[in-house]
file model25.cif (mmCIF, C-alpha atoms)
data_protein
#
loop_
_atom_site.label_atom_id
_atom_site.label_comp_id
_atom_site.auth_asym_id
_atom_site.auth_seq_id
_atom_site.Cartn_x
_atom_site.Cartn_y
_atom_site.Cartn_z
CA MET F 10 81.48 58.25 130.84
CA GLY F 11 81.56 56.74 134.32
CA VAL F 12 78.16 58.12 135.34
CA ASP F 13 76.18 55.83 137.62
CA THR F 14 72.94 55.84 135.61
CA LYS F 15 70.16 53.56 136.86
CA PHE F 16 67.17 55.10 135.10
CA ALA F 17 66.68 57.17 131.93
CA ILE F 18 63.70 59.20 130.71
CA LEU F 19 63.77 59.76 126.95
CA GLY F 20 61.60 61.36 124.30
CA ALA F 21 60.17 59.67 121.21
CA GLY F 22 63.13 60.73 119.10
CA TYR F 23 65.33 58.27 120.99
CA TYR F 24 63.09 55.22 120.73
CA THR F 25 64.55 52.55 118.50
CA ASN F 26 64.96 48.84 119.09
CA ALA F 27 68.75 49.32 118.99
CA ASN F 28 68.64 52.01 121.69
CA ALA F 29 66.32 49.91 123.84
CA ASP F 30 68.65 46.92 123.48
CA ALA F 31 71.70 49.06 124.37
CA LEU F 32 70.06 50.48 127.50
CA MET F 33 68.92 47.07 128.73
CA ALA F 34 72.33 45.52 127.97
CA GLY F 35 73.90 48.28 130.06
CA GLY F 36 71.54 47.64 132.97
CA VAL F 37 69.77 50.98 132.55
CA SER F 38 66.04 50.99 133.18
CA PHE F 39 64.11 53.51 131.13
CA LEU F 40 60.83 55.22 130.42
CA MET F 41 60.38 56.66 126.95
CA ARG F 42 57.76 57.61 124.45
CA MET F 43 57.37 55.34 121.43
CA LYS F 44 57.22 56.61 117.89
CA PRO F 45 53.91 55.75 116.18
CA ASN F 46 55.51 53.62 113.46
CA PRO F 47 57.04 50.59 115.32
CA ARG F 48 55.05 47.37 115.23
CA ALA F 49 54.82 47.30 119.03
CA TYR F 50 53.13 50.72 119.04
CA LYS F 51 50.60 49.70 116.39
CA GLU F 52 49.80 46.46 118.22
CA VAL F 53 49.25 48.21 121.54
CA VAL F 54 46.97 50.85 120.01
CA ARG F 55 45.08 48.24 117.98
CA ASP F 56 44.47 45.96 120.97
CA HIS F 57 43.70 48.56 123.66
CA LEU F 58 42.36 51.77 122.11
CA ALA F 59 38.75 50.57 122.25
CA THR F 60 38.94 49.89 126.01
CA LEU F 61 41.17 52.83 126.98
CA GLU F 62 38.51 55.45 127.73
CA ARG F 63 37.09 53.84 130.85
CA ARG F 64 36.55 54.91 134.45
CA GLU F 65 39.23 52.62 135.90
CA ASN F 66 41.85 54.09 133.56
CA THR F 67 41.23 57.73 134.47
CA VAL F 68 44.04 59.81 136.02
CA MET F 69 44.37 63.56 136.54
CA HIS F 70 47.43 65.36 135.20
CA ASN F 71 47.90 69.13 135.16
CA GLY F 72 44.20 69.72 135.71
CA ARG F 73 42.90 67.53 132.91
CA PHE F 74 41.77 63.96 132.35
CA VAL F 75 44.11 61.41 130.83
CA TYR F 76 43.25 57.75 130.33
CA VAL F 77 46.14 55.36 131.01
CA LYS F 78 46.48 51.58 130.79
CA ARG F 79 49.43 49.35 131.64
CA VAL F 80 49.93 46.27 129.48
CA PRO F 81 52.87 43.87 129.01
CA CYS F 82 54.82 44.10 125.76
CA ASP F 83 58.07 43.09 124.05
CA ILE F 84 60.88 45.65 124.09
CA GLY F 85 63.77 45.81 121.63
CA THR F 86 64.82 42.97 119.37
CA GLY F 87 65.66 40.36 122.01
CA GLY F 88 62.12 39.58 123.09
CA ARG F 89 62.61 41.14 126.52
CA ARG F 90 59.36 41.82 128.32
CA GLY F 91 58.47 45.27 129.54
CA TRP F 92 55.43 47.45 129.97
CA ALA F 93 53.57 49.61 127.50
CA TYR F 94 51.36 52.47 128.69
CA PRO F 95 48.80 53.56 126.08
CA CYS F 96 47.53 57.02 127.03
CA LEU F 97 44.73 59.23 125.76
CA ASP F 98 44.92 62.97 126.43
CA THR F 99 41.34 64.18 126.06
CA ALA F 100 42.23 67.89 125.84
CA MET F 101 44.76 67.23 123.09
CA ARG F 102 42.29 64.97 121.30
CA ARG F 103 39.69 67.74 121.14
CA GLU F 104 42.20 70.13 119.61
CA LEU F 105 43.40 67.57 117.05
CA GLU F 106 39.85 66.49 116.20
CA ARG F 107 38.87 70.07 115.38
CA ASP F 108 41.83 70.32 113.03
CA ALA F 109 41.08 66.91 111.50
CA ALA F 110 37.41 67.83 111.01
CA ARG F 111 38.40 71.04 109.25
CA ARG F 112 40.74 69.16 106.94
CA ALA F 113 38.10 66.49 106.24
CA ALA F 114 35.56 69.19 105.33
CA GLU F 115 38.06 70.85 103.00
CA ALA F 116 38.69 67.47 101.34
CA GLY F 117 34.97 66.82 100.99
CA LEU F 118 34.98 63.74 103.23
CA GLY F 119 31.91 62.55 105.11
CA GLY F 120 31.75 61.71 108.83
CA THR F 121 32.14 57.97 108.24
CA GLU F 122 35.21 58.49 106.05
CA ALA F 123 36.82 60.88 108.54
CA PHE F 124 36.16 58.67 111.58
CA ASP F 125 39.16 56.36 111.12
CA SER F 126 41.58 59.28 110.81
CA MET F 127 40.30 60.77 114.09
CA ALA F 128 40.05 57.59 116.18
CA ALA F 129 43.62 57.73 117.53
CA LYS F 130 43.90 61.50 117.97
CA GLY F 131 45.44 62.42 121.34
CA VAL F 132 46.82 58.89 121.82
CA PHE F 133 50.44 58.26 122.73
CA VAL F 134 52.29 55.25 124.10
CA LEU F 135 54.99 55.21 126.76
CA VAL F 136 57.15 52.14 127.28
CA SER F 137 59.25 51.15 130.28
CA THR F 138 61.30 48.30 131.65
CA ARG F 139 59.71 49.01 135.04
CA LYS F 140 56.17 48.52 136.31
CA ILE F 141 55.03 52.05 137.18
CA SER F 142 51.70 52.98 138.74
CA LYS F 143 49.35 54.87 136.44
CA GLU F 144 49.15 57.78 138.88
CA LYS F 145 52.93 58.24 138.95
CA LEU F 146 53.57 57.61 135.26
CA LEU F 147 52.92 61.04 133.72
CA PRO F 148 54.50 63.13 136.52
CA LEU F 149 57.59 60.93 136.20
CA TYR F 150 57.75 61.17 132.42
CA TYR F 151 57.24 64.92 132.32
CA THR F 152 60.09 65.57 134.77
CA ARG F 153 62.17 65.61 131.57
CA ASP F 154 60.44 68.88 130.64
CA ARG F 155 61.48 70.44 133.94
CA VAL F 156 65.04 69.20 133.44
CA LYS F 157 65.08 70.66 129.91
CA LYS F 158 63.86 73.97 131.35
CA VAL F 159 66.73 74.05 133.85
CA PHE F 160 69.25 73.44 131.05
CA GLU F 161 67.59 76.22 129.07
CA LEU F 162 67.95 78.55 132.05
CA ALA F 163 71.59 77.49 132.46
CA LYS F 164 72.41 78.26 128.84
CA GLN F 165 70.49 81.54 128.67
CA GLY F 166 70.18 83.12 132.12
CA GLY F 167 73.22 81.30 133.52
CA LYS F 168 75.37 81.95 130.43
CA ALA F 169 76.72 78.40 130.37
CA LEU F 170 77.36 78.72 126.63
CA PRO F 171 79.50 79.51 124.78
CA VAL F 172 82.43 78.13 126.73
CA SER F 173 85.95 79.25 125.85
CA VAL F 174 88.38 77.94 128.44
CA GLN F 175 91.85 76.45 128.33
CA THR F 176 92.08 74.35 131.51
CA GLU F 177 89.85 71.97 133.42
CA GLU F 178 90.13 74.18 136.53
CA THR F 179 88.79 77.16 134.61
CA PHE F 180 85.99 75.03 133.18
CA ARG F 181 84.99 73.80 136.64
CA SER F 182 84.94 77.38 137.93
CA HIS F 183 82.82 78.40 134.96
CA LEU F 184 80.31 75.61 135.69
CA LEU F 185 80.14 76.58 139.37
CA LEU F 186 79.29 80.18 138.53
CA CYS F 187 76.76 79.03 135.92
CA PHE F 188 75.15 76.72 138.46
CA MET F 189 74.83 79.55 140.98
CA ALA F 190 73.36 81.86 138.33
CA THR F 191 70.95 79.16 137.18
CA ALA F 192 69.78 78.49 140.75
CA ALA F 193 69.18 82.21 141.35
CA THR F 194 67.36 82.56 138.02
CA LYS F 195 65.14 79.55 138.71
CA MET F 196 64.28 80.77 142.21
CA MET F 197 63.32 84.23 140.93
CA SER F 198 61.24 82.70 138.12
CA ASP F 199 59.41 80.52 140.67
CA VAL F 200 58.65 83.56 142.85
CA LEU F 201 57.18 85.44 139.90
CA ALA F 202 55.10 82.42 138.89
CA SER F 203 53.75 81.87 142.43
CA ALA F 204 52.89 85.57 142.74
CA LYS F 205 50.88 85.29 139.48
CA THR F 206 52.39 88.47 138.05
CA SER F 207 52.40 89.43 134.38
CA LEU F 208 56.19 89.65 134.50
CA THR F 209 58.79 87.24 133.24
CA LEU F 210 62.25 87.26 134.74
CA GLU F 211 63.65 88.89 131.61
CA SER F 212 61.02 91.63 131.47
CA MET F 213 61.38 92.30 135.20
CA LEU F 214 65.13 92.83 134.95
CA GLU F 215 64.69 95.11 131.94
CA ILE F 216 62.08 97.20 133.77
CA LEU F 217 64.08 97.47 137.00
CA HIS F 218 67.14 98.47 134.97
CA GLU F 219 65.30 101.69 134.13
CA GLN F 220 65.09 102.81 137.74
CA TYR F 221 67.90 105.01 138.98
CA GLY F 222 68.80 107.49 141.71
CA ILE F 223 69.99 111.08 141.91
CA ILE F 224 72.69 112.00 144.42
CA TYR F 225 72.14 114.98 146.70
CA GLY F 226 74.97 115.42 149.17
CA ASP F 227 75.34 112.23 151.17
CA GLU F 228 72.06 110.69 150.00
CA MET F 229 70.75 109.12 146.82
CA VAL F 230 67.09 109.80 146.04
CA THR F 231 65.49 107.00 144.01
CA THR F 232 63.14 107.75 141.17
CA GLU F 233 59.51 106.86 141.74
CA PRO F 234 58.91 103.26 140.61
CA VAL F 235 56.31 102.79 137.86
CA ARG F 236 53.51 100.21 138.11
CA LYS F 237 55.52 97.29 136.67
CA MET F 238 58.41 98.04 139.02
CA ASN F 239 56.05 98.01 142.00
CA GLU F 240 54.60 94.72 140.76
CA ALA F 241 58.08 93.19 140.83
CA TYR F 242 58.86 94.60 144.28
CA ARG F 243 55.60 93.24 145.71
CA ALA F 244 56.29 89.77 144.33
CA PHE F 245 59.53 89.64 146.34
CA GLY F 246 58.24 91.50 149.39
CA ILE F 247 60.56 94.45 148.78
CA LYS F 248 59.82 98.08 149.56
CA CYS F 249 61.79 100.42 147.36
CA PRO F 250 63.46 103.04 149.66
CA GLU F 251 62.89 106.69 148.85
CA THR F 252 66.45 107.58 149.87
CA ILE F 253 69.67 105.62 150.38
CA SER F 254 72.43 106.93 152.62
CA LEU F 255 75.81 106.91 150.91
CA PRO F 256 78.98 105.79 152.71
CA VAL F 257 81.34 108.49 153.84
CA VAL F 258 84.64 108.32 151.95
CA GLY F 259 87.69 109.99 153.34
#
call {"tool": "encode", "arguments": {"input": "model25.cif", "output": "structure tokens"}}
result
Amino acid sequence: MGVDTKFAILGAGYYTNANADALMAGGVSFLMRMKPNPRAYKEVVRDHLATLERRENTVMHNGRFVYVKRVPCDIGTGGRRGWAYPCLDTAMRRELERDAARRAAEAGLGGTEAFDSMAAKGVFVLVSTRKISKEKLLPLYYTRDRVKKVFELAKQGGKALPVSVQTEETFRSHLLLCFMATAATKMMSDVLASAKTSLTLESMLEILHEQYGIIYGDEMVTTEPVRKMNEAYRAFGIKCPETISLPVVG
């Protein structure tokens, strides 16, 4: 498509040897999550799971501990060398272990029998053509979630879809307006999040839509804002005026 792509971040659904070969043949470096069924995944987990949960492998991500190693591995079908990053998310492991223990109890299994099924809970493997520091690995990989969120905002809040246009000029204009709407939506969402309010952008707009004014002569008197309206105003540093002077027409 003519896009100058130097680096790609992909989810597990895209990891195949054929895709890895195509990216490397096109000169595109990548970071992606491996599915648990390829041989490379099984070999990495088999060889490094026992030594993963160690002090030197500890990193912090989003307020929780994750153990990360970096080991060389083969990528694709051509024997190209890359890097595998076996990771253990301790918070996720605890949740999965509780579920696995419940299922084992329902099946009448003992602790020894259930151990093997729980050993790899919370483990995932990232693979990359580049050597990435363990501290930068997860923030880099999870930028894809932030990108997905922006596209979600563009399609919903920015009304990027559906598109029904006849010319390229109209399409470009449509994208420009969608981009502006998406930027405004994202900025407002960030303000609400930083203010730690109970409001979402959607609920805030619905609540503020209920406020109105009554015209008396050359002034409009606003209705008294309810608690949720005041919460929204405070988040943005806005004071709702009691009256608004109307322009003189004539």
call {"tool": "residues_around", "arguments": {"input": "model25.cif", "residues": "Gly226 in chain F", "least_positions_apart": "5", "cutoff": "12 Å", "atoms": "only C-alpha atoms", "output": "list in words"}}
result
Thr252, Ile253, Ser254, Leu255, Pro256 and Val257 of chain F
call {"tool": "closest_residue", "arguments": {"input": "model25.cif", "among": "F:Ala109, F:Val156, F:Leu147, F:Ile247", "to": "Val77 in chain F", "atoms": "all atoms listed in the file"}}
result
F:Leu147
call {"tool": "closest_residue", "arguments": {"input": "model25.cif", "among": "F:Glu52, F:Glu65, F:Glu251, F:Glu177", "to": "Pro234 in chain F", "atoms": "all atoms listed in the file"}}
result
F:Glu251
call {"tool": "residues_near_point", "arguments": {"input": "model25.cif", "point": "(61.3, 84.7, 140.5)", "cutoff": "7 Å", "atoms": "only C-alpha atoms", "output": "JSON, numbers by chain"}}
result
{"F": [194, 195, 196, 197, 198, 199, 200, 201, 202, 210]}
call {"tool": "axis_aligned_box", "arguments": {"input": "model25.cif", "around": "range 143-156 of chain F", "padding_each_side": "8 Å", "output": "JSON"}}
result
{"center_x": 57.1, "center_y": 62.7, "center_z": 134.8, "size_x": 31.9, "size_y": 31.6, "size_z": 24.3}
call {"tool": "decode", "arguments": {"input": "model25.cif", "residues": "range 35-56 of chain F", "atoms": "N, CA, C and O atoms", "output": "compact mmCIF listing (two decimals), in the first residue's frame"}}
result
# COMPACT_ATOMS: atom_id res chain seq x y z
N GLY F 35 9.79 -8.77 3.92
CA GLY F 35 9.50 -7.39 3.56
C GLY F 35 10.30 -6.37 4.36
O GLY F 35 10.08 -5.17 4.22
N GLY F 36 11.21 -6.84 5.20
CA GLY F 36 12.04 -5.93 5.97
C GLY F 36 11.32 -5.26 7.12
O GLY F 36 11.72 -4.18 7.57
N VAL F 37 10.23 -5.88 7.60
CA VAL F 37 9.44 -5.31 8.68
C VAL F 37 9.77 -6.04 9.98
O VAL F 37 9.50 -7.23 10.12
N SER F 38 10.35 -5.32 10.93
CA SER F 38 10.57 -5.89 12.25
C SER F 38 9.23 -6.00 12.97
O SER F 38 8.30 -5.26 12.66
N PHE F 39 9.14 -6.91 13.92
CA PHE F 39 7.85 -7.07 14.58
C PHE F 39 8.02 -7.54 16.02
O PHE F 39 9.05 -8.07 16.43
N LEU F 40 6.95 -7.33 16.76
CA LEU F 40 6.77 -7.88 18.10
C LEU F 40 5.36 -8.44 18.14
O LEU F 40 4.40 -7.72 17.84
N MET F 41 5.22 -9.71 18.45
CA MET F 41 3.89 -10.29 18.49
C MET F 41 3.82 -11.39 19.53
O MET F 41 4.84 -11.89 20.01
N ARG F 42 2.60 -11.70 19.88
CA ARG F 42 2.37 -12.76 20.86
C ARG F 42 2.20 -14.09 20.14
O ARG F 42 1.50 -14.17 19.13
N MET F 43 2.85 -15.13 20.65
CA MET F 43 2.78 -16.44 20.01
C MET F 43 1.56 -17.20 20.51
O MET F 43 1.17 -17.09 21.67
N LYS F 44 0.95 -17.95 19.63
CA LYS F 44 -0.07 -18.90 20.04
C LYS F 44 0.60 -20.01 20.86
O LYS F 44 1.78 -20.30 20.68
N PRO F 45 -0.15 -20.68 21.73
CA PRO F 45 0.48 -21.72 22.57
C PRO F 45 0.75 -23.04 21.87
O PRO F 45 1.37 -23.92 22.46
N ASN F 46 0.32 -23.18 20.60
CA ASN F 46 0.49 -24.48 19.95
C ASN F 46 1.75 -24.64 19.10
O ASN F 46 2.15 -25.77 18.85
N PRO F 47 2.43 -23.56 18.60
CA PRO F 47 3.63 -23.81 17.79
C PRO F 47 4.74 -24.49 18.59
O PRO F 47 4.81 -24.36 19.82
N ARG F 48 5.59 -25.21 17.89
CA ARG F 48 6.68 -25.92 18.55
C ARG F 48 7.61 -24.96 19.28
O ARG F 48 8.08 -25.25 20.39
N ALA F 49 7.86 -23.79 18.67
CA ALA F 49 8.75 -22.82 19.30
C ALA F 49 8.22 -22.37 20.66
O ALA F 49 8.98 -22.24 21.63
N TYR F 50 6.90 -22.17 20.75
CA TYR F 50 6.29 -21.79 22.03
C TYR F 50 6.50 -22.87 23.08
O TYR F 50 6.92 -22.61 24.21
N LYS F 51 6.19 -24.12 22.70
CA LYS F 51 6.31 -25.23 23.64
C LYS F 51 7.75 -25.42 24.10
O LYS F 51 8.00 -25.72 25.28
N GLU F 52 8.72 -25.22 23.19
CA GLU F 52 10.12 -25.38 23.57
C GLU F 52 10.56 -24.29 24.54
O GLU F 52 11.28 -24.56 25.51
N VAL F 53 10.12 -23.06 24.29
CA VAL F 53 10.50 -21.96 25.17
C VAL F 53 9.92 -22.16 26.57
O VAL F 53 10.62 -22.00 27.58
N VAL F 54 8.65 -22.52 26.64
CA VAL F 54 8.02 -22.75 27.95
C VAL F 54 8.67 -23.93 28.66
O VAL F 54 8.96 -23.89 29.86
N ARG F 55 8.92 -25.00 27.92
CA ARG F 55 9.54 -26.19 28.52
C ARG F 55 10.93 -25.89 29.09
O ARG F 55 11.27 -26.33 30.20
N ASP F 56 11.72 -25.11 28.37
CA ASP F 56 13.10 -24.88 28.77
C ASP F 56 13.26 -23.78 29.81
O ASP F 56 14.28 -23.74 30.52
